[in-house]
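Everything below belongs to run-v4.cif, which stores mmCIF, C-alpha atoms.
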data_target
#
loop_
_atom_site.group_PDB
_atom_site.id
_atom_site.type_symbol
_atom_site.label_atom_id
_atom_site.label_comp_id
_atom_site.auth_asym_id
_atom_site.auth_seq_id
_atom_site.Cartn_x
_atom_site.Cartn_y
_atom_site.Cartn_z
ATOM 1 C CA MET E 1 -4.443 46.269 2.804
ATOM 2 C CA ASP E 2 -5.262 48.336 5.894
ATOM 3 C CA ASN E 3 -7.223 47.135 8.883
ATOM 4 C CA LEU E 4 -10.695 48.617 9.344
ATOM 5 C CA ILE E 5 -11.336 50.032 12.783
ATOM 6 C CA ILE E 6 -14.428 52.010 13.774
ATOM 7 C CA PRO E 7 -14.961 52.728 17.484
ATOM 8 C CA LYS E 8 -18.201 51.522 19.025
ATOM 9 C CA ALA E 9 -20.793 54.252 19.680
ATOM 10 C CA LYS E 10 -24.224 54.235 21.302
ATOM 11 C CA SER E 11 -26.064 53.707 18.025
ATOM 12 C CA THR E 12 -23.369 52.215 15.815
ATOM 13 C CA LEU E 13 -21.322 49.036 15.922
ATOM 14 C CA GLY E 14 -17.698 48.782 16.854
ATOM 15 C CA VAL E 15 -15.705 47.392 13.938
ATOM 16 C CA ASN E 16 -12.314 45.707 14.056
ATOM 17 C CA PHE E 17 -11.375 43.946 10.822
ATOM 18 C CA ASN E 18 -7.819 42.639 10.652
ATOM 19 C CA ALA E 19 -6.389 42.304 7.146
ATOM 20 C CA SER E 20 -3.410 40.220 8.221
ATOM 21 C CA ASN E 21 -5.330 37.289 9.708
ATOM 22 C CA GLY E 22 -8.972 37.802 8.582
ATOM 23 C CA GLU E 23 -10.272 38.097 12.152
ATOM 24 C CA CYS E 24 -13.255 40.426 11.926
ATOM 25 C CA LEU E 25 -15.360 41.728 14.794
ATOM 26 C CA LEU E 26 -18.670 43.593 14.828
ATOM 27 C CA GLU E 27 -20.014 44.405 18.278
ATOM 28 C CA GLY E 28 -22.622 46.528 20.025
ATOM 29 C CA SER E 29 -25.884 48.094 18.940
ATOM 30 C CA SER E 30 -26.846 49.296 15.501
ATOM 31 C CA PHE E 31 -29.481 51.885 14.697
ATOM 32 C CA PRO E 32 -27.533 54.432 12.650
ATOM 33 C CA GLU E 33 -29.049 57.545 11.113
ATOM 34 C CA ASN E 34 -28.155 56.208 7.681
ATOM 35 C CA THR E 35 -27.637 52.452 7.733
ATOM 36 C CA SER E 36 -26.253 52.087 4.211
ATOM 37 C CA ASP E 37 -23.679 54.854 4.808
ATOM 38 C CA PHE E 38 -22.513 53.056 7.939
ATOM 39 C CA PHE E 39 -22.279 49.580 6.424
ATOM 40 C CA LYS E 40 -20.771 50.565 3.049
ATOM 41 C CA PRO E 41 -17.115 50.740 4.222
ATOM 42 C CA ILE E 42 -17.586 47.429 6.048
ATOM 43 C CA THR E 43 -18.912 45.653 2.972
ATOM 44 C CA ASP E 44 -16.310 47.330 0.746
ATOM 45 C CA TRP E 45 -13.490 46.191 3.055
ATOM 46 C CA LEU E 46 -14.764 42.623 3.068
ATOM 47 C CA VAL E 47 -15.091 42.482 -0.715
ATOM 48 C CA LYS E 48 -11.575 43.882 -1.139
ATOM 49 C CA TYR E 49 -10.187 41.344 1.357
ATOM 50 C CA MET E 50 -11.873 38.468 -0.476
ATOM 51 C CA LEU E 51 -10.493 39.610 -3.822
ATOM 52 C CA GLU E 52 -7.000 40.702 -2.806
ATOM 53 C CA VAL E 53 -5.982 38.801 0.330
ATOM 54 C CA THR E 54 -8.090 35.697 -0.354
ATOM 55 C CA GLY E 55 -7.394 34.364 3.136
ATOM 56 C CA LYS E 56 -9.595 32.836 5.801
ATOM 57 C CA VAL E 57 -12.358 35.045 7.236
ATOM 58 C CA THR E 58 -13.455 34.573 10.833
ATOM 59 C CA LEU E 59 -16.395 36.841 11.529
ATOM 60 C CA ASN E 60 -17.161 37.419 15.216
ATOM 61 C CA LEU E 61 -20.580 38.975 15.841
ATOM 62 C CA LYS E 62 -21.451 40.250 19.318
ATOM 63 C CA PHE E 63 -24.705 42.149 19.033
ATOM 64 C CA ASP E 64 -26.760 43.854 21.719
ATOM 65 C CA TYR E 65 -29.423 45.306 19.432
ATOM 66 C CA LEU E 66 -29.992 45.572 15.674
ATOM 67 C CA ASN E 67 -32.735 47.568 14.010
ATOM 68 C CA SER E 68 -34.448 46.064 10.993
ATOM 69 C CA SER E 69 -32.333 47.786 8.357
ATOM 70 C CA SER E 70 -29.142 46.688 10.140
ATOM 71 C CA ILE E 71 -30.397 43.080 10.148
ATOM 72 C CA LYS E 72 -30.663 43.309 6.374
ATOM 73 C CA PHE E 73 -27.050 44.470 6.037
ATOM 74 C CA ILE E 74 -25.811 41.703 8.340
ATOM 75 C CA SER E 75 -27.677 39.210 6.166
ATOM 76 C CA ASP E 76 -25.988 40.701 3.116
ATOM 77 C CA ILE E 77 -22.572 40.225 4.732
ATOM 78 C CA THR E 78 -23.284 36.579 5.608
ATOM 79 C CA ASP E 79 -24.503 35.966 2.044
ATOM 80 C CA ARG E 80 -21.192 37.332 0.760
ATOM 81 C CA LEU E 81 -19.350 34.970 3.108
ATOM 82 C CA GLN E 82 -21.436 32.086 1.767
ATOM 83 C CA ALA E 83 -20.445 32.974 -1.791
ATOM 84 C CA TYR E 84 -16.778 33.198 -0.696
ATOM 85 C CA HIS E 85 -17.093 29.778 0.954
ATOM 86 C CA ASN E 86 -18.743 28.362 -2.192
ATOM 87 C CA ALA E 87 -15.739 29.572 -4.166
ATOM 88 C CA GLY E 88 -13.481 27.419 -1.985
ATOM 89 C CA ALA E 89 -12.367 29.873 0.695
ATOM 90 C CA GLU E 90 -12.254 29.143 4.405
ATOM 91 C CA VAL E 91 -14.952 30.962 6.352
ATOM 92 C CA GLU E 92 -16.084 30.772 9.962
ATOM 93 C CA LEU E 93 -18.763 32.727 11.789
ATOM 94 C CA LYS E 94 -19.039 33.015 15.563
ATOM 95 C CA TRP E 95 -22.375 34.419 16.715
ATOM 96 C CA TYR E 96 -22.268 35.408 20.397
ATOM 97 C CA TYR E 97 -25.392 35.883 22.494
ATOM 98 C CA ASP E 98 -26.288 36.537 26.117
ATOM 99 C CA GLU E 99 -28.022 33.750 28.016
ATOM 100 C CA ASN E 100 -31.130 35.914 28.470
ATOM 101 C CA ASP E 101 -31.203 37.339 24.967
ATOM 102 C CA GLU E 102 -33.521 35.097 22.974
ATOM 103 C CA ASP E 103 -33.926 37.699 20.209
ATOM 104 C CA ILE E 104 -30.264 37.724 19.282
ATOM 105 C CA LEU E 105 -30.072 33.920 19.600
ATOM 106 C CA GLU E 106 -33.109 33.440 17.326
ATOM 107 C CA MET E 107 -31.706 35.901 14.816
ATOM 108 C CA GLY E 108 -28.506 33.854 14.647
ATOM 109 C CA GLN E 109 -30.416 30.577 14.408
ATOM 110 C CA GLU E 110 -32.475 31.862 11.486
ATOM 111 C CA LEU E 111 -29.461 33.166 9.605
ATOM 112 C CA LYS E 112 -27.682 29.854 10.164
ATOM 113 C CA GLU E 113 -30.540 27.882 8.588
ATOM 114 C CA ASP E 114 -29.605 29.161 5.121
ATOM 115 C CA LEU E 115 -25.808 29.012 5.367
ATOM 116 C CA ASN E 116 -23.595 25.957 5.137
ATOM 117 C CA PHE E 117 -20.203 27.187 6.297
ATOM 118 C CA PRO E 118 -19.102 26.749 9.953
ATOM 119 C CA PHE E 119 -21.466 28.939 11.996
ATOM 120 C CA ASN E 120 -21.160 28.641 15.766
ATOM 121 C CA LEU E 121 -23.717 29.991 18.208
ATOM 122 C CA ILE E 122 -21.792 30.803 21.365
ATOM 123 C CA MET E 123 -23.244 31.847 24.711
ATOM 124 C CA LYS E 124 -21.212 34.736 26.162
ATOM 125 C CA MET V 1 -57.600 51.718 26.408
ATOM 126 C CA ALA V 2 -57.375 52.183 30.167
ATOM 127 C CA GLU V 3 -58.329 55.425 31.900
ATOM 128 C CA LEU V 4 -55.511 57.939 32.307
ATOM 129 C CA ASN V 5 -55.224 57.472 36.076
ATOM 130 C CA THR V 6 -54.688 53.718 35.679
ATOM 131 C CA TYR V 7 -51.625 54.111 33.471
ATOM 132 C CA LYS V 8 -48.385 52.968 35.034
ATOM 133 C CA TYR V 9 -46.477 55.083 32.507
ATOM 134 C CA PHE V 10 -47.573 57.618 29.933
ATOM 135 C CA TYR V 11 -45.508 59.510 27.375
ATOM 136 C CA GLU V 12 -46.707 61.812 24.617
ATOM 137 C CA TYR V 13 -44.869 63.875 22.008
ATOM 138 C CA GLU V 14 -45.826 65.863 18.958
ATOM 139 C CA GLY V 15 -43.136 67.287 16.716
ATOM 140 C CA VAL V 16 -40.374 66.442 14.297
ATOM 141 C CA PHE V 17 -39.182 62.819 14.379
ATOM 142 C CA SER V 18 -35.519 63.553 13.754
ATOM 143 C CA TYR V 19 -32.633 61.217 14.467
ATOM 144 C CA LYS V 20 -31.683 63.436 17.405
ATOM 145 C CA TYR V 21 -35.178 62.951 18.815
ATOM 146 C CA LEU V 22 -34.770 59.174 18.432
ATOM 147 C CA LEU V 23 -31.503 59.190 20.386
ATOM 148 C CA ASP V 24 -32.901 61.478 23.096
ATOM 149 C CA ILE V 25 -36.094 59.508 23.545
ATOM 150 C CA ASN V 26 -34.231 56.198 23.726
ATOM 151 C CA GLU V 27 -32.314 57.596 26.672
ATOM 152 C CA LYS V 28 -35.514 58.808 28.310
ATOM 153 C CA PHE V 29 -37.180 55.407 27.928
ATOM 154 C CA GLU V 30 -34.086 53.669 29.288
ATOM 155 C CA ASN V 31 -34.189 55.947 32.325
ATOM 156 C CA GLU V 32 -37.938 55.998 32.964
ATOM 157 C CA LEU V 33 -39.536 52.882 31.497
ATOM 158 C CA ALA V 34 -36.904 50.135 31.591
ATOM 159 C CA SER V 35 -37.237 49.654 35.349
ATOM 160 C CA LEU V 36 -41.058 49.326 35.140
ATOM 161 C CA VAL V 37 -41.155 46.253 32.906
ATOM 162 C CA ASP V 38 -39.355 42.945 32.448
ATOM 163 C CA HIS V 39 -36.007 43.231 30.637
ATOM 164 C CA LYS V 40 -37.259 41.151 27.706
ATOM 165 C CA ILE V 41 -40.369 43.313 27.379
ATOM 166 C CA PHE V 42 -38.248 46.450 27.354
ATOM 167 C CA ARG V 43 -36.000 45.033 24.623
ATOM 168 C CA LEU V 44 -39.087 44.196 22.572
ATOM 169 C CA PHE V 45 -40.460 47.685 23.202
ATOM 170 C CA PHE V 46 -37.105 49.226 22.238
ATOM 171 C CA PHE V 47 -37.181 47.418 18.900
ATOM 172 C CA CYS V 48 -40.788 48.380 18.139
ATOM 173 C CA VAL V 49 -40.571 52.012 19.218
ATOM 174 C CA ASN V 50 -37.381 52.569 17.239
ATOM 175 C CA GLU V 51 -38.947 51.117 14.101
ATOM 176 C CA MET V 52 -42.094 53.208 14.563
ATOM 177 C CA ILE V 53 -40.230 56.463 15.247
ATOM 178 C CA GLN V 54 -38.005 55.956 12.212
ATOM 179 C CA ASN V 55 -41.105 55.162 10.205
ATOM 180 C CA VAL V 56 -42.697 58.519 11.043
ATOM 181 C CA GLY V 57 -39.394 60.304 10.428
ATOM 182 C CA PHE V 58 -38.991 58.718 6.995
ATOM 183 C CA TYR V 59 -42.542 58.498 5.711
ATOM 184 C CA SER V 60 -44.668 61.241 7.268
ATOM 185 C CA ASP V 61 -46.137 63.291 4.457
ATOM 186 C CA ASP V 62 -45.424 66.423 6.512
ATOM 187 C CA LYS V 63 -41.657 66.958 6.217
ATOM 188 C CA ARG V 64 -39.916 69.695 8.196
ATOM 189 C CA LEU V 65 -36.461 71.137 7.580
ATOM 190 C CA ILE V 66 -34.205 70.409 10.559
ATOM 191 C CA GLU V 67 -30.541 71.142 9.778
ATOM 192 C CA ASP V 68 -28.085 71.165 6.874
ATOM 193 C CA SER V 69 -30.941 70.822 4.393
ATOM 194 C CA LYS V 70 -32.038 67.598 6.112
ATOM 195 C CA GLU V 71 -35.725 66.884 6.469
ATOM 196 C CA SER V 72 -37.622 64.726 8.959
ATOM 197 C CA GLY V 73 -41.240 63.764 9.253
ATOM 198 C CA TYR V 74 -43.656 65.462 11.631
ATOM 199 C CA GLY V 75 -46.110 63.457 13.708
ATOM 200 C CA SER V 76 -46.977 62.349 17.203
ATOM 201 C CA ILE V 77 -46.434 59.365 19.467
ATOM 202 C CA LYS V 78 -47.952 58.020 22.661
ATOM 203 C CA VAL V 79 -46.531 55.285 24.859
ATOM 204 C CA ILE V 80 -48.883 53.808 27.418
ATOM 205 C CA LEU V 81 -48.105 51.190 30.039
ATOM 206 C CA THR V 82 -51.050 49.512 31.745
ATOM 207 C CA GLU V 83 -51.217 46.446 33.979
ATOM 208 C CA GLU V 84 -51.589 44.210 30.910
ATOM 209 C CA ASN V 85 -49.989 45.942 27.938
ATOM 210 C CA LEU V 86 -47.423 48.343 26.648
ATOM 211 C CA GLU V 87 -48.873 50.293 23.727
ATOM 212 C CA ILE V 88 -47.147 52.461 21.150
ATOM 213 C CA ILE V 89 -49.373 54.695 19.033
ATOM 214 C CA THR V 90 -48.108 56.951 16.260
ATOM 215 C CA LEU V 91 -49.977 59.467 14.151
ATOM 216 C CA ASN V 92 -48.649 61.148 11.020
ATOM 217 C CA PRO V 93 -49.952 62.669 7.821
ATOM 218 C CA VAL V 94 -49.997 60.459 4.730
ATOM 219 C CA SER V 95 -50.999 60.976 1.115
ATOM 220 C CA GLU V 96 -53.942 59.159 -0.456
ATOM 221 C CA GLU V 97 -51.451 57.081 -2.427
ATOM 222 C CA GLN V 98 -49.539 56.116 0.745
ATOM 223 C CA LYS V 99 -52.819 55.264 2.473
ATOM 224 C CA ASN V 100 -53.662 52.548 -0.002
ATOM 225 C CA LYS V 101 -50.119 51.115 -0.037
ATOM 226 C CA ILE V 102 -49.829 51.047 3.760
ATOM 227 C CA ALA V 103 -53.290 49.552 4.273
ATOM 228 C CA GLU V 104 -52.612 46.826 1.696
ATOM 229 C CA LYS V 105 -49.194 46.041 3.183
ATOM 230 C CA ILE V 106 -50.281 45.925 6.837
ATOM 231 C CA ASN V 107 -53.474 43.984 6.147
ATOM 232 C CA LYS V 108 -51.452 41.411 4.198
ATOM 233 C CA LEU V 109 -48.881 41.039 6.990
ATOM 234 C CA ASN V 110 -51.594 40.780 9.665
ATOM 235 C CA SER V 111 -53.177 37.896 7.759
ATOM 236 C CA LEU V 112 -50.011 35.752 7.734
ATOM 237 C CA ASN V 113 -49.267 33.024 10.254
ATOM 238 C CA ALA V 114 -45.914 32.644 12.056
ATOM 239 C CA ASP V 115 -44.370 30.372 9.415
ATOM 240 C CA GLU V 116 -45.492 32.610 6.571
ATOM 241 C CA LEU V 117 -44.054 35.670 8.332
ATOM 242 C CA LYS V 118 -40.751 33.868 8.842
ATOM 243 C CA GLU V 119 -40.590 32.944 5.162
ATOM 244 C CA LEU V 120 -41.447 36.494 4.101
ATOM 245 C CA HIS V 121 -38.802 37.839 6.477
ATOM 246 C CA LYS V 122 -36.174 35.622 4.849
ATOM 247 C CA GLU V 123 -37.366 36.594 1.394
ATOM 248 C CA LYS V 124 -37.105 40.309 2.239
ATOM 249 C CA LEU V 125 -33.640 39.870 3.731
ATOM 250 C CA ARG V 126 -32.386 38.521 0.441
ATOM 251 C CA SER V 127 -34.323 40.782 -1.903
ATOM 252 C CA ASP V 128 -33.178 44.125 -3.203
ATOM 253 C CA GLN V 129 -34.433 46.862 -0.958
ATOM 254 C CA GLU V 130 -37.931 48.091 -1.809
ATOM 255 C CA THR V 131 -37.583 51.311 -3.762
ATOM 256 C CA ASP V 132 -39.725 53.276 -1.305
ATOM 257 C CA SER V 133 -38.337 51.602 1.823
ATOM 258 C CA LYS V 134 -35.487 52.932 3.951
ATOM 259 C CA GLY V 135 -35.758 50.169 6.522
ATOM 260 C CA GLY V 136 -35.223 47.164 4.284
ATOM 261 C CA GLY V 137 -38.929 46.316 4.257
ATOM 262 C CA ILE V 138 -38.763 44.033 7.290
ATOM 263 C CA GLY V 139 -39.600 46.375 10.189
ATOM 264 C CA PHE V 140 -43.350 45.693 10.226
ATOM 265 C CA ILE V 141 -42.803 41.957 9.717
ATOM 266 C CA GLU V 142 -40.508 41.843 12.718
ATOM 267 C CA ILE V 143 -42.894 43.869 14.888
ATOM 268 C CA ILE V 144 -45.716 41.398 14.206
ATOM 269 C CA ARG V 145 -43.430 38.389 14.682
ATOM 270 C CA LYS V 146 -41.923 39.635 17.924
ATOM 271 C CA THR V 147 -45.100 40.997 19.568
ATOM 272 C CA LYS V 148 -47.266 38.144 18.225
ATOM 273 C CA ASN V 149 -49.960 40.800 17.703
ATOM 274 C CA PRO V 150 -51.315 42.427 14.560
ATOM 275 C CA ILE V 151 -50.475 46.063 13.851
ATOM 276 C CA THR V 152 -53.660 48.114 14.107
ATOM 277 C CA ILE V 153 -54.059 50.956 11.633
ATOM 278 C CA SER V 154 -56.762 53.491 10.893
ATOM 279 C CA PHE V 155 -56.950 56.683 8.888
ATOM 280 C CA GLU V 156 -58.522 59.945 9.996
ATOM 281 C CA LYS V 157 -58.724 63.497 8.706
ATOM 282 C CA ILE V 158 -57.286 66.068 11.097
ATOM 283 C CA ASN V 159 -57.451 69.730 10.077
ATOM 284 C CA GLY V 160 -58.083 68.613 6.524
ATOM 285 C CA LEU V 161 -54.999 66.339 6.441
ATOM 286 C CA LEU V 162 -55.260 62.578 6.099
ATOM 287 C CA ASN V 163 -53.453 60.911 9.030
ATOM 288 C CA LEU V 164 -52.281 57.371 9.654
ATOM 289 C CA ASN V 165 -52.897 56.105 13.169
ATOM 290 C CA MET V 166 -50.771 53.058 13.925
ATOM 291 C CA LYS V 167 -50.900 51.031 17.129
ATOM 292 C CA VAL V 168 -48.619 48.246 18.324
ATOM 293 C CA VAL V 169 -49.505 46.363 21.485
ATOM 294 C CA ILE V 170 -47.000 44.386 23.517
ATOM 295 C CA ASN V 171 -48.705 42.033 25.963
ATOM 296 C CA LEU V 172 -46.693 42.060 29.156
ATOM 297 C CA GLY V 173 -46.977 38.271 29.360
ATOM 298 C CA VAL V 174 -45.852 37.697 25.764
ATOM 299 C CA GLN V 175 -42.250 36.825 26.572
ATOM 300 C CA ASN V 176 -43.212 34.577 29.422
ATOM 301 C CA GLY V 177 -45.456 32.303 27.376
#
As structure tokens, how would this structure be written, given the file I've shared?
Amino acid sequence: MDNLIIPKAKSTLGVNFNASNGECLLEGSSFPENTSDFFKPITDWLVKYMLEVTGKVTLNLKFDYLNSSSIKFISDITDRLQAYHNAGAEVELKWYYDENDEDILEMGQELKEDLNFPFNLIMK
Amino acid sequence: MAELNTYKYFYEYEGVFSYKYLLDINEKFENELASLVDHKIFRLFFFCVNEMIQNVGFYSDDKRLIEDSKESGYGSIKVILTEENLEIITLNPVSEEQKNKIAEKINKLNSLNADELKELHKEKLRSDQETDSKGGGIGFIEIIRKTKNPITISFEKINGLLNLNMKVVINLGVQNG
């Protein structure tokens, strides 16, 4: 299975998903022209990894800004990780935030409330 | 609304709300407005103005062809900074059918308290996307939650076309409270 790498742009996230060790990174700002087009390859990659590689997933999230439709896709990804965890797989999420960025911190705190796999809020 | 000469910043645009416009205007606001307000206020503004611009682009009843057979909504926007508030006001044509849906939706959201908005936000995150929503159905909820103000809407006929006037107010002290 190939790695998934998408360079960070002004309005779209940088993506670095490693198929050999399950280390996955999303970073930057997200307000794409078409949110579902942007997130589809990311979700597809994750689903394929869970079905074929079946290894640990460590998702590192380092967001500066997410528009509302991007928040929904991130929630969808974390729900998929929850289902993977429920099926017995090892999952870890690291949610990074700036000291002065209460929005991103609160977003992480709210997502964490409904998930029961290891979810770490980490100040950058 | 304050008199024009008391504004600390004023921006106005009428035209097509394309994605290119969104990118261009974000840069303009970063260059011109970011230094006039607290960083947290600007981040809140950035969220709200992006949601509102995309809203006009997606849902204006007056669609214009832009490129490669793509269409974007036509409308107008004003951004006003006073001593107390940062206001974003959009205006765009809507159909009679949209009018009733929007009014019902916004009035419902404005009536909810913070806990109810949080619950609805979570519910929307985990629901299938609304069939007529391109933004996941949570943009307005998040604007009300983050600004801690209701969204003000009114409808008016301009040149025979029904228009939605939508105003979001960010109190400059909101993030300090």
Please, which residues of chain V lie no more than 10 Å from chain E when the count uses all atoms listed in the file, and can they be set out as a PDB file with C-alpha atoms, keeping the file's coordinate frame?
ATOM      1  CA  SER V  18     -35.519  63.553  13.754  1.00  0.00           C
ATOM      2  CA  TYR V  19     -32.633  61.217  14.467  1.00  0.00           C
ATOM      3  CA  LYS V  20     -31.683  63.436  17.405  1.00  0.00           C
ATOM      4  CA  LEU V  22     -34.770  59.174  18.432  1.00  0.00           C
ATOM      5  CA  LEU V  23     -31.503  59.190  20.386  1.00  0.00           C
ATOM      6  CA  HIS V  39     -36.007  43.231  30.637  1.00  0.00           C
ATOM      7  CA  LYS V  40     -37.259  41.151  27.706  1.00  0.00           C
ATOM      8  CA  ARG V  43     -36.000  45.033  24.623  1.00  0.00           C
ATOM      9  CA  LEU V  44     -39.087  44.196  22.572  1.00  0.00           C
ATOM     10  CA  PHE V  46     -37.105  49.226  22.238  1.00  0.00           C
ATOM     11  CA  PHE V  47     -37.181  47.418  18.900  1.00  0.00           C
ATOM     12  CA  CYS V  48     -40.788  48.380  18.139  1.00  0.00           C
ATOM     13  CA  ASN V  50     -37.381  52.569  17.239  1.00  0.00           C
ATOM     14  CA  GLU V  51     -38.947  51.117  14.101  1.00  0.00           C
ATOM     15  CA  GLN V  54     -38.005  55.956  12.212  1.00  0.00           C
ATOM     16  CA  LYS V 118     -40.751  33.868   8.842  1.00  0.00           C
ATOM     17  CA  HIS V 121     -38.802  37.839   6.477  1.00  0.00           C
ATOM     18  CA  LYS V 122     -36.174  35.622   4.849  1.00  0.00           C
ATOM     19  CA  LYS V 124     -37.105  40.309   2.239  1.00  0.00           C
ATOM     20  CA  LEU V 125     -33.640  39.870   3.731  1.00  0.00           C
ATOM     21  CA  ARG V 126     -32.386  38.521   0.441  1.00  0.00           C
ATOM     22  CA  SER V 127     -34.323  40.782  -1.903  1.00  0.00           C
ATOM     23  CA  ASP V 128     -33.178  44.125  -3.203  1.00  0.00           C
ATOM     24  CA  GLN V 129     -34.433  46.862  -0.958  1.00  0.00           C
ATOM     25  CA  SER V 133     -38.337  51.602   1.823  1.00  0.00           C
ATOM     26  CA  LYS V 134     -35.487  52.932   3.951  1.00  0.00           C
ATOM     27  CA  GLY V 135     -35.758  50.169   6.522  1.00  0.00           C
ATOM     28  CA  GLY V 136     -35.223  47.164   4.284  1.00  0.00           C
ATOM     29  CA  GLY V 137     -38.929  46.316   4.257  1.00  0.00           C
ATOM     30  CA  ILE V 138     -38.763  44.033   7.290  1.00  0.00           C
ATOM     31  CA  GLY V 139     -39.600  46.375  10.189  1.00  0.00           C
ATOM     32  CA  PHE V 140     -43.350  45.693  10.226  1.00  0.00           C
ATOM     33  CA  ILE V 141     -42.803  41.957   9.717  1.00  0.00           C
ATOM     34  CA  GLU V 142     -40.508  41.843  12.718  1.00  0.00           C
ATOM     35  CA  ILE V 143     -42.894  43.869  14.888  1.00  0.00           C
ATOM     36  CA  LYS V 146     -41.923  39.635  17.924  1.00  0.00           C
ATOM     37  CA  GLN V 175     -42.250  36.825  26.572  1.00  0.00           C
TER      38      GLN V 175
END
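Shortest atom-to-atom contact with Leu46 (chain E) among E:Leu115, E:Leu4, E:Ile122, E:Ala9: E:Leu4, counting only C-alpha atoms.
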- Task: Evaluate the PyMOL selection byres ((chain E and resi 96) around 7) and record the selected residues as a PyMOL selection string, following the chain and residue labels used in the document.
- Result: chain E and resi 61-62+94-95+97+121-124
Selected residues written out with C-alpha atoms, as an mmCIF file, in the coordinates of the input:
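Written file, selection29.cif:
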data_model
loop_
_atom_site.group_PDB
_atom_site.id
_atom_site.type_symbol
_atom_site.label_atom_id
_atom_site.label_comp_id
_atom_site.auth_asym_id
_atom_site.auth_seq_id
_atom_site.Cartn_x
_atom_site.Cartn_y
_atom_site.Cartn_z
ATOM 1 C CA LEU E 61 -20.580 38.975 15.841
ATOM 2 C CA LYS E 62 -21.451 40.250 19.318
ATOM 3 C CA LYS E 94 -19.039 33.015 15.563
ATOM 4 C CA TRP E 95 -22.375 34.419 16.715
ATOM 5 C CA TYR E 97 -25.392 35.883 22.494
ATOM 6 C CA LEU E 121 -23.717 29.991 18.208
ATOM 7 C CA ILE E 122 -21.792 30.803 21.365
ATOM 8 C CA MET E 123 -23.244 31.847 24.711
ATOM 9 C CA LYS E 124 -21.212 34.736 26.162
#
- Item | Residue IDs satisfying the PyMOL selection byres ((chain V and resi 12) around 8), as a list in words |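 So the PyMOL selection byres ((chain V and resi 12) around 8), applied here, picks out Phe10, Tyr11, Tyr13, Glu14, Ser76, Ile77, Lys78 and Val79 of chain V.
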Selection in question (the file shown): the PyMOL selection byres ((chain V and resi 150) around 12). Which residues does it include, as an mmCIF file with C-alpha atoms, in the coordinates of the input?
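Output (out.cif):
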data_model
loop_
_atom_site.group_PDB
_atom_site.id
_atom_site.type_symbol
_atom_site.label_atom_id
_atom_site.label_comp_id
_atom_site.auth_asym_id
_atom_site.auth_seq_id
_atom_site.Cartn_x
_atom_site.Cartn_y
_atom_site.Cartn_z
ATOM 1 C CA ILE V 106 -50.281 45.925 6.837
ATOM 2 C CA ASN V 107 -53.474 43.984 6.147
ATOM 3 C CA LYS V 108 -51.452 41.411 4.198
ATOM 4 C CA LEU V 109 -48.881 41.039 6.990
ATOM 5 C CA ASN V 110 -51.594 40.780 9.665
ATOM 6 C CA SER V 111 -53.177 37.896 7.759
ATOM 7 C CA LEU V 112 -50.011 35.752 7.734
ATOM 8 C CA ASN V 113 -49.267 33.024 10.254
ATOM 9 C CA ALA V 114 -45.914 32.644 12.056
ATOM 10 C CA LEU V 117 -44.054 35.670 8.332
ATOM 11 C CA PHE V 140 -43.350 45.693 10.226
ATOM 12 C CA ILE V 141 -42.803 41.957 9.717
ATOM 13 C CA GLU V 142 -40.508 41.843 12.718
ATOM 14 C CA ILE V 143 -42.894 43.869 14.888
ATOM 15 C CA ILE V 144 -45.716 41.398 14.206
ATOM 16 C CA ARG V 145 -43.430 38.389 14.682
ATOM 17 C CA LYS V 146 -41.923 39.635 17.924
ATOM 18 C CA THR V 147 -45.100 40.997 19.568
ATOM 19 C CA LYS V 148 -47.266 38.144 18.225
ATOM 20 C CA ASN V 149 -49.960 40.800 17.703
ATOM 21 C CA ILE V 151 -50.475 46.063 13.851
ATOM 22 C CA THR V 152 -53.660 48.114 14.107
ATOM 23 C CA ILE V 153 -54.059 50.956 11.633
ATOM 24 C CA MET V 166 -50.771 53.058 13.925
ATOM 25 C CA LYS V 167 -50.900 51.031 17.129
ATOM 26 C CA VAL V 168 -48.619 48.246 18.324
ATOM 27 C CA VAL V 169 -49.505 46.363 21.485
ATOM 28 C CA ILE V 170 -47.000 44.386 23.517
ATOM 29 C CA ASN V 171 -48.705 42.033 25.963
#
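When all atoms listed in the file are used to compute distances to Thr43 (chain E), the closest of the residues E:Thr12, E:Leu25, E:Ile77, E:Glu113 turns out to be E:Ile77.
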- For region 62-70 of chain V, list every protein, DNA or RNA residue within 9 Å, evaluated using all atoms listed in the file, and leave out those in the same chain fewer than 4 positions away; present the list as an MDAnalysis selection string. chainID V and resid 16 18 57:58 74:75 92:94
List the neighbours of Asn3 (chain E) out to 10 Å using all atoms listed in the file; skip same-chain residues closer than 4 positions along the sequence, and give me the result as a PDB file with C-alpha atoms, in the frame of the given file.
ATOM      1  CA  VAL E  15     -15.705  47.392  13.938  1.00  0.00           C
ATOM      2  CA  ASN E  16     -12.314  45.707  14.056  1.00  0.00           C
ATOM      3  CA  PHE E  17     -11.375  43.946  10.822  1.00  0.00           C
ATOM      4  CA  ASN E  18      -7.819  42.639  10.652  1.00  0.00           C
ATOM      5  CA  ALA E  19      -6.389  42.304   7.146  1.00  0.00           C
ATOM      6  CA  SER E  20      -3.410  40.220   8.221  1.00  0.00           C
ATOM      7  CA  GLY E  22      -8.972  37.802   8.582  1.00  0.00           C
ATOM      8  CA  CYS E  24     -13.255  40.426  11.926  1.00  0.00           C
ATOM      9  CA  TRP E  45     -13.490  46.191   3.055  1.00  0.00           C
ATOM     10  CA  TYR E  49     -10.187  41.344   1.357  1.00  0.00           C
TER      11      TYR E  49
END
- Task: Quote the spacing between CA of Gly173 (chain V) and CA of Leu105 (chain E) in Å to one decimal place.
- Result: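 The value is 20.0 Å.
Counting from CA of Glu30 (chain V), the distance to CA of Gln109 (chain E) is 27.7 Å.
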- Just give me the gap between CA of Gln98 (chain V) and CA of Asp61 (chain V) in Å, one decimal is fine. 8.8 Å
